[in-house]
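Structure file model_18.txt (compact mmCIF, C-alpha atoms) follows.
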```txt
# COMPACT_ATOMS: atom_id res chain seq x y z
CA MET A 1 -1.49 30.61 -83.27
CA GLN A 2 -1.49 27.12 -82.00
CA GLU A 3 2.15 27.54 -80.99
CA ARG A 4 1.43 30.79 -79.16
CA ILE A 5 -1.38 29.23 -77.19
CA PHE A 6 0.89 26.34 -76.20
CA ASN A 7 3.62 28.73 -75.08
CA SER A 8 1.18 30.77 -73.01
CA ASP A 9 -0.20 27.60 -71.37
CA TYR A 10 3.31 26.38 -70.62
CA THR A 11 4.23 29.69 -68.95
CA GLU A 12 1.09 29.53 -66.80
CA ARG A 13 1.91 26.02 -65.73
CA ALA A 14 5.51 26.95 -64.99
CA ARG A 15 4.34 29.86 -62.84
CA ALA A 16 2.00 27.58 -60.97
CA VAL A 17 4.78 25.26 -59.83
CA MET A 18 7.49 27.92 -59.42
CA LEU A 19 9.02 28.21 -55.95
CA THR A 20 8.33 31.74 -54.84
CA PRO A 21 9.90 32.96 -51.54
CA VAL A 22 6.51 32.61 -49.80
CA ARG A 23 6.17 29.05 -51.01
CA ILE A 24 9.71 28.20 -49.90
CA ILE A 25 9.07 29.53 -46.39
CA THR A 26 5.75 27.65 -46.17
CA LEU A 27 7.41 24.45 -47.35
CA VAL A 28 10.34 24.75 -44.93
CA PHE A 29 8.09 25.40 -41.93
CA GLY A 30 5.73 22.63 -42.95
CA VAL A 31 8.51 20.06 -43.24
CA LEU A 32 10.15 21.27 -40.02
CA SER A 33 6.99 21.05 -37.93
CA LEU A 34 6.25 17.60 -39.36
CA PHE A 35 9.77 16.46 -38.51
CA LEU A 36 9.62 17.84 -34.99
CA SER A 37 6.23 16.31 -34.26
CA GLU A 38 7.62 12.91 -35.28
CA ALA A 39 10.97 13.32 -33.50
CA GLN A 40 9.57 14.82 -30.29
CA PRO A 41 5.89 13.94 -29.85
CA ALA A 42 3.96 15.78 -27.09
CA ALA A 43 5.01 14.39 -23.66
CA LYS A 44 2.56 11.73 -22.44
CA VAL A 45 1.14 12.38 -18.98
CA PRO A 46 1.70 9.20 -16.93
CA ARG A 47 -1.32 7.59 -15.31
CA VAL A 48 -1.04 5.93 -11.91
CA GLY A 49 -3.71 3.62 -10.52
CA VAL A 50 -4.26 3.46 -6.77
CA LEU A 51 -6.24 0.57 -5.29
CA LEU A 52 -6.80 0.48 -1.54
CA LEU A 53 -8.99 -1.56 0.78
CA GLY A 54 -9.72 1.52 2.87
CA SER A 55 -11.43 4.79 2.06
CA GLY A 56 -8.39 6.76 0.93
CA LYS A 57 -8.43 8.96 4.02
CA GLU A 58 -5.70 6.90 5.71
CA PRO A 59 -2.41 8.73 6.47
CA GLY A 60 -0.41 6.33 4.28
CA ILE A 61 -1.99 7.35 0.98
CA GLN A 62 -2.07 10.98 2.07
CA ALA A 63 1.70 10.80 2.65
CA PHE A 64 2.12 9.20 -0.79
CA LEU A 65 0.21 12.01 -2.48
CA LYS A 66 2.33 14.67 -0.79
CA VAL A 67 5.63 13.29 -2.12
CA MET B 1 9.64 14.69 -6.95
CA GLY B 2 8.00 17.37 -9.02
CA TYR B 3 4.73 15.65 -9.83
CA ILE B 4 1.57 17.70 -9.73
CA GLU B 5 -1.64 15.71 -9.93
CA GLY B 6 -3.70 16.76 -12.93
CA LYS B 7 -0.75 18.50 -14.60
CA ASN B 8 2.12 16.09 -15.14
CA ILE B 9 0.58 13.01 -13.51
CA LEU B 10 -2.92 11.56 -13.48
CA ILE B 11 -4.16 9.31 -10.70
CA GLU B 12 -7.03 6.84 -10.99
CA TYR B 13 -8.35 6.05 -7.50
CA ARG B 14 -10.22 2.90 -6.55
CA PHE B 15 -11.22 2.50 -2.89
CA ALA B 16 -12.98 -0.60 -1.53
CA ASN B 17 -14.17 1.36 1.53
CA GLY B 18 -13.39 -1.53 3.84
CA LYS B 19 -15.17 -4.16 1.75
CA PRO B 20 -12.68 -6.88 0.67
CA GLU B 21 -15.32 -8.39 -1.64
CA ARG B 22 -15.11 -5.25 -3.82
CA VAL B 23 -11.36 -5.55 -4.43
CA SER B 24 -11.64 -8.00 -7.39
CA ASP B 25 -13.97 -5.75 -9.39
CA LEU B 26 -11.89 -2.66 -8.65
CA ALA B 27 -8.71 -4.47 -9.73
CA THR B 28 -10.38 -5.56 -13.01
CA ASP B 29 -11.52 -2.00 -13.63
CA LEU B 30 -8.10 -0.48 -12.96
CA VAL B 31 -6.29 -2.99 -15.18
CA ALA B 32 -8.77 -2.28 -17.99
CA LYS B 33 -7.83 1.41 -17.77
CA LYS B 34 -4.29 0.43 -18.84
CA VAL B 35 -2.61 2.75 -16.35
CA ASP B 36 1.20 2.93 -16.36
CA VAL B 37 1.65 1.63 -12.82
CA ILE B 38 -0.65 0.52 -9.98
CA VAL B 39 0.01 1.29 -6.31
CA THR B 40 -1.67 -0.83 -3.70
CA SER B 41 -1.36 -1.88 -0.09
CA GLY B 42 -1.68 -5.36 1.35
CA THR B 43 -0.90 -8.78 0.02
CA ALA B 44 -4.50 -9.67 -0.88
CA GLN B 45 -4.88 -6.52 -2.98
CA GLY B 46 -1.51 -7.18 -4.63
CA GLN B 47 -2.58 -10.70 -5.54
CA ALA B 48 -5.93 -9.51 -6.90
CA ILE B 49 -4.16 -7.17 -9.31
CA GLN B 50 -1.38 -9.61 -10.20
CA GLN B 51 -4.00 -12.22 -11.17
CA ARG B 52 -5.30 -9.73 -13.75
CA THR B 53 -2.09 -8.39 -15.23
CA THR B 54 1.45 -9.55 -15.63
CA ILE B 55 2.33 -6.47 -17.66
CA ILE B 56 1.32 -3.36 -15.67
CA PRO B 57 3.89 -2.74 -12.91
CA ILE B 58 2.47 -3.07 -9.39
CA VAL B 59 4.02 -1.23 -6.42
CA LEU B 60 3.11 -2.66 -3.04
CA ALA B 61 3.32 0.12 -0.47
CA ILE B 62 2.77 -2.41 2.30
CA SER B 63 3.20 -6.15 2.11
CA GLY B 64 3.97 -8.83 4.63
CA ASP B 65 5.44 -12.04 3.35
CA ALA B 66 5.81 -11.09 -0.32
CA VAL B 67 7.95 -14.14 -1.14
CA GLY B 68 5.93 -16.71 0.81
CA THR B 69 2.70 -15.53 -0.77
CA GLY B 70 4.20 -15.75 -4.27
CA LEU B 71 3.99 -12.07 -5.11
CA VAL B 72 7.71 -11.91 -5.87
CA ALA B 73 10.36 -14.54 -6.62
CA SER B 74 12.78 -13.03 -4.12
CA LEU B 75 13.19 -9.75 -2.27
CA ALA B 76 16.45 -8.96 -4.09
CA ARG B 77 15.09 -9.75 -7.58
CA PRO B 78 11.30 -9.75 -7.67
CA GLY B 79 11.36 -11.14 -11.21
CA GLY B 80 7.84 -10.20 -12.30
CA ASN B 81 5.66 -7.10 -12.42
CA VAL B 82 5.46 -6.64 -8.62
CA THR B 83 7.84 -4.79 -6.32
CA GLY B 84 7.60 -2.43 -3.37
CA LEU B 85 7.95 -2.61 0.38
CA SER B 86 7.66 -5.39 2.90
CA MET B 87 6.88 -4.67 6.52
CA MET B 88 8.43 -7.98 7.50
CA SER B 89 5.60 -8.61 9.89
CA PRO B 90 6.26 -12.31 10.64
CA ASP B 91 9.57 -11.40 12.26
CA LEU B 92 7.87 -8.88 14.51
CA ALA B 93 5.01 -11.06 15.73
CA GLY B 94 7.09 -12.68 18.48
CA LYS B 95 8.46 -9.33 19.57
CA ARG B 96 4.92 -8.01 20.07
CA LEU B 97 3.99 -10.88 22.35
CA GLU B 98 7.21 -10.35 24.30
CA LEU B 99 6.40 -6.65 24.82
CA LEU B 100 2.87 -7.53 25.91
CA LYS B 101 4.18 -10.00 28.49
CA GLU B 102 6.67 -7.42 29.81
CA ALA B 103 3.98 -4.75 30.08
CA ALA B 104 1.52 -7.07 31.79
CA PRO B 105 3.64 -9.84 33.39
CA LYS B 106 0.69 -11.68 34.98
CA ILE B 107 -1.02 -12.60 31.71
CA ALA B 108 -1.50 -16.29 30.88
CA ARG B 109 -4.35 -16.54 28.31
CA VAL B 110 -3.84 -14.38 25.25
CA GLY B 111 -6.29 -14.00 22.38
CA VAL B 112 -4.97 -13.39 18.88
CA LEU B 113 -7.40 -11.51 16.66
CA TRP B 114 -6.70 -11.87 12.96
CA ASP B 115 -8.26 -11.76 9.52
CA THR B 116 -7.72 -15.18 7.96
CA LEU B 117 -8.38 -13.84 4.46
CA VAL B 118 -5.17 -11.80 4.57
CA PRO B 119 -2.67 -14.28 3.05
CA ASP B 120 0.42 -13.48 5.12
CA ASN B 121 -1.47 -13.34 8.43
CA THR B 122 -1.16 -17.13 8.71
CA LEU B 123 2.60 -16.75 9.00
CA ASP B 124 2.14 -13.97 11.58
CA PHE B 125 -0.14 -16.22 13.62
CA LYS B 126 2.27 -19.17 13.46
CA THR B 127 5.16 -16.96 14.60
CA THR B 128 3.02 -15.69 17.47
CA GLN B 129 2.27 -19.32 18.40
CA LEU B 130 5.99 -20.12 18.53
CA ALA B 131 6.67 -17.08 20.71
CA ALA B 132 3.78 -18.07 23.00
CA ARG B 133 5.42 -21.45 23.65
CA VAL B 134 8.68 -19.76 24.61
CA LEU B 135 6.86 -17.31 26.89
CA ARG B 136 4.60 -20.07 28.28
CA LEU B 137 1.40 -18.34 27.29
CA LYS B 138 -1.83 -20.05 26.21
CA LEU B 139 -2.92 -18.69 22.86
CA LEU B 140 -6.50 -18.53 21.62
CA SER B 141 -7.11 -17.82 17.96
CA ILE B 142 -9.93 -15.37 17.25
CA GLU B 143 -10.53 -15.50 13.52
CA VAL B 144 -12.52 -13.11 11.38
CA GLN B 145 -13.15 -12.83 7.66
CA SER B 146 -15.64 -10.01 7.40
CA ALA B 147 -17.07 -7.06 9.29
CA GLU B 148 -20.10 -9.22 10.13
CA ASP B 149 -17.82 -11.83 11.75
CA LEU B 150 -16.17 -9.28 14.00
CA GLU B 151 -19.12 -8.64 16.32
CA GLY B 152 -19.58 -12.37 16.97
CA ALA B 153 -15.85 -12.99 17.34
CA LEU B 154 -15.50 -10.24 19.93
CA SER B 155 -18.48 -11.42 21.96
CA THR B 156 -17.09 -14.98 21.89
CA ALA B 157 -13.69 -13.60 22.94
CA ALA B 158 -15.32 -11.75 25.84
CA LYS B 159 -16.50 -15.12 27.21
CA GLN B 160 -13.05 -16.73 26.89
CA ARG B 161 -11.65 -15.06 30.04
CA LEU B 162 -8.72 -13.64 28.18
CA ASP B 163 -5.94 -11.80 30.01
CA ALA B 164 -4.68 -9.93 26.96
CA LEU B 165 -5.06 -9.52 23.23
CA VAL B 166 -2.72 -9.42 20.24
CA VAL B 167 -4.20 -7.84 17.12
CA ILE B 168 -2.56 -8.87 13.87
CA GLY B 169 -2.95 -6.05 11.35
CA GLY B 170 -4.43 -6.31 7.90
CA GLY B 171 -7.91 -6.45 6.43
CA ILE B 172 -10.81 -6.30 8.87
CA THR B 173 -8.65 -5.59 11.94
CA ASN B 174 -7.26 -2.44 10.33
CA ILE B 175 -10.58 -1.20 9.05
CA HIS B 176 -12.45 -1.75 12.31
CA GLN B 177 -9.70 -0.80 14.72
CA LYS B 178 -11.94 1.62 16.65
CA LYS B 179 -14.45 -1.13 17.38
CA ILE B 180 -11.63 -3.46 18.47
CA VAL B 181 -10.06 -0.82 20.71
CA ALA B 182 -13.44 -0.10 22.33
CA PHE B 183 -13.77 -3.85 23.02
CA GLU B 184 -10.33 -3.94 24.65
CA ILE B 185 -11.07 -1.00 26.92
CA LYS B 186 -14.55 -2.25 27.85
CA ASN B 187 -13.08 -5.64 28.82
CA ARG B 188 -9.98 -4.06 30.43
CA LEU B 189 -7.69 -6.11 28.21
CA PRO B 190 -4.03 -5.18 27.79
CA ALA B 191 -3.47 -5.33 24.04
CA ILE B 192 -0.77 -4.88 21.47
CA HIS B 193 -1.44 -4.03 17.85
CA GLU B 194 0.56 -4.37 14.67
CA THR B 195 -0.82 -1.12 13.27
CA LEU B 196 0.62 2.01 14.91
CA ARG B 197 -2.56 3.98 14.31
CA SER B 198 -4.40 1.60 16.65
CA ALA B 199 -2.45 2.95 19.64
CA GLU B 200 -3.31 6.46 18.53
CA ALA B 201 -6.95 5.35 18.34
CA GLY B 202 -6.82 4.13 21.96
CA GLY B 203 -5.15 0.71 21.82
CA LEU B 204 -2.79 0.13 24.75
CA MET B 205 0.33 -0.55 22.67
CA ALA B 206 1.46 -0.92 19.07
CA TYR B 207 4.71 -2.15 17.61
CA GLY B 208 5.38 -2.04 13.91
CA VAL B 209 6.31 0.06 10.95
CA ASN B 210 5.14 3.54 10.09
CA PHE B 211 2.74 3.13 7.16
CA ALA B 212 3.16 6.75 6.07
CA ASP B 213 6.91 6.13 5.69
CA LEU B 214 6.25 3.06 3.56
CA PHE B 215 3.87 4.98 1.28
CA ARG B 216 6.44 7.76 0.91
CA ARG B 217 9.01 5.14 -0.16
CA ALA B 218 6.43 3.64 -2.54
CA ALA B 219 6.31 6.98 -4.33
CA THR B 220 10.02 6.64 -5.17
CA TYR B 221 9.30 3.23 -6.77
CA VAL B 222 6.57 4.80 -8.90
CA ASP B 223 9.00 7.53 -9.97
CA LYS B 224 11.67 4.98 -10.97
CA ILE B 225 9.15 2.89 -12.93
CA LEU B 226 7.79 5.92 -14.76
CA LYS B 227 11.36 6.75 -15.70
CA GLY B 228 11.85 3.33 -17.24
CA ALA B 229 12.94 0.97 -14.44
CA LYS B 230 11.55 -2.56 -14.54
CA PRO B 231 9.78 -3.79 -11.37
CA ALA B 232 11.49 -7.16 -11.86
CA ASP B 233 14.84 -5.47 -11.18
CA LEU B 234 13.78 -3.24 -8.26
CA PRO B 235 14.47 -5.05 -4.97
CA VAL B 236 11.70 -5.18 -2.37
CA GLU B 237 12.76 -2.94 0.50
CA GLN B 238 12.46 -3.95 4.11
CA PRO B 239 11.97 -1.31 6.79
CA LYS B 240 14.90 -0.47 9.00
CA LYS B 241 12.89 1.40 11.59
CA PHE B 242 10.16 0.09 13.86
CA GLU B 243 8.10 2.13 16.27
CA PHE B 244 6.77 1.22 19.68
CA ILE B 245 3.87 3.32 20.96
CA ILE B 246 2.28 3.15 24.41
CA ASN B 247 -1.01 4.81 25.21
CA LEU B 248 -0.90 5.72 28.90
CA LYS B 249 -4.45 7.09 28.80
CA THR B 250 -5.64 3.58 27.95
CA ALA B 251 -3.34 2.03 30.57
CA LYS B 252 -5.04 4.23 33.16
CA GLN B 253 -8.51 3.35 31.84
CA ILE B 254 -7.90 -0.39 32.14
CA GLY B 255 -6.04 -0.04 35.46
CA LEU B 256 -2.62 -1.19 34.25
CA THR B 257 0.71 0.23 35.39
CA ILE B 258 3.28 -0.08 32.65
CA PRO B 259 6.71 -1.01 34.11
CA PRO B 260 9.33 1.76 33.71
CA ASN B 261 11.66 -0.49 31.66
CA VAL B 262 8.90 -0.97 29.06
CA LEU B 263 8.01 2.73 29.06
CA ALA B 264 11.67 3.58 28.47
CA ARG B 265 11.66 1.57 25.24
CA ALA B 266 8.72 3.41 23.71
CA ASP B 267 9.31 5.75 20.78
CA LYS B 268 6.12 7.57 21.62
CA VAL B 269 4.05 7.72 24.79
CA ILE B 270 0.52 9.06 24.50
CA LYS B 271 -0.49 10.81 27.73
```

Translate this file's structure into structure tokens.
Amino acid sequence: MQERIFNSDYTERARAVMLTPVRIITLVFGVLSLFLSEAQPAAKVPRVGVLLLGSGKEPGIQAFLKV
Amino acid sequence: MGYIEGKNILIEYRFANGKPERVSDLATDLVAKKVDVIVTSGTAQGQAIQQRTTIIPIVLAISGDAVGTGLVASLARPGGNVTGLSMMSPDLAGKRLELLKEAAPKIARVGVLWDTLVPDNTLDFKTTQLAARVLRLKLLSIEVQSAEDLEGALSTAAKQRLDALVVIGGGITNIHQKKIVAFEIKNRLPAIHETLRSAEAGGLMAYGVNFADLFRRAATYVDKILKGAKPADLPVEQPKKFEFIINLKTAKQIGLTIPPNVLARADKVIK
């Protein structure tokens, strides 16, 4: 009886860790997305500071912004 | 260059609205934001930022004597975190006085209006002094440091019996160009400005570089820096093209006939 219970428990545990097709797909996608996020992080948007003595309405800065 | 503000580039603006005393605080604020690159115009503004960071790259869209004022080690290899464009103004100061003398040959006493807080203006003034000796003109220095100074300086200048005026660009003289131009017309003074916009605003003549061109070039520096270039290795560019503008409307207002040989040299004549 004891033996049977042990065997049943073992089978349950084996099933719990068994790699089913769904689990394999989940694992592969999980690892892939983690790898890609590390290898190619989201592009950082550069920040430019502009400091001018004037009001910003001068043609110089307007020309700069159009380039 | 493919940048769209708000999408693939963000711009933090800080404008002093003509108040030089605000520049220090704005520079501190911008440096604290840890932007990737700072664009500015004018030696004083460049120095204000450089005093606060030696790491963030600084692109000077307009500078005068960048080497003499210590902003860069040399034009070919700036060496630090500053690069950009020089308008080489000291070399042009003598040329301006020469053009003024050719346009109004009878002048003898010439006032030079300049903002002494703009670091490279001293060199401009000294070069103008040298040219005045060659042209046998008596030079009177009219110095300003703030908008409040300007009113007094102009009324003092009006009593000096000047024959003409040279306006060195930068700082107060750029910000209050309309007031200065009105003074010139009221006192019937032939004048030449460093800033091209001054002639468009009614100044008799202007000889210098096109600021819009310099700012457009500055954008290419920003692009290179964002793509990994080091400001220390980007040579400071000097303009190859200078523009001479004559405002004939103003000439008529002050009763001056510009000689044909001077008119022929103008890139633009405002009628």

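Residues in contact range of Leu154 of chain B, defined as at most 8 Å between only C-alpha atoms, with sequence neighbours fewer than 3 positions away removed, read Leu150, Glu151, Ala157, Ala158, Ile180 and Phe183 of chain B.
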
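Around Ala164 of chain B, within 10 Å and counting only C-alpha atoms, the residues found are Leu97, Leu100, Lys101, Ala104, Lys106, Ile107, Ala108, Arg109, Val110, Gly111, Val112, Leu139, Glu184, Asn187, Arg188, Leu189, Pro190, Ala191 and Ile192 of chain B, once anything fewer than 5 positions away on its own chain is removed.
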
Which polymer residues have any atom within 10 Å of an atom of Val134 of chain B, counting all atoms listed in the file, with same-chain residues fewer than 5 positions away left out, as a list of chain:residue names?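 Once the adjacent positions are removed, what remains is B:Gly94, B:Glu98, B:Thr128, B:Gln129.
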
Would you compute the distance between atom CA of Leu248 of chain B and atom CA of Leu204 of chain B? Give it in Å to one decimal. 7.2 Å

Between B:Leu196, B:Ile225, B:Ile172, B:Asp233, which has the minimum distance to Arg47 of chain A (counting all atoms listed in the file)?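 Nearest candidate to Arg47 of chain A out of B:Leu196, B:Ile225, B:Ile172, B:Asp233: B:Ile225.
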
Let me make sure I understand: among B:Val262, B:Ile175, B:Ala48, B:Ala153, which one has the smallest atom-to-atom distance to chain A if we use all atoms listed in the file?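 Among the listed residues, B:Ile175 lies closest to chain A.
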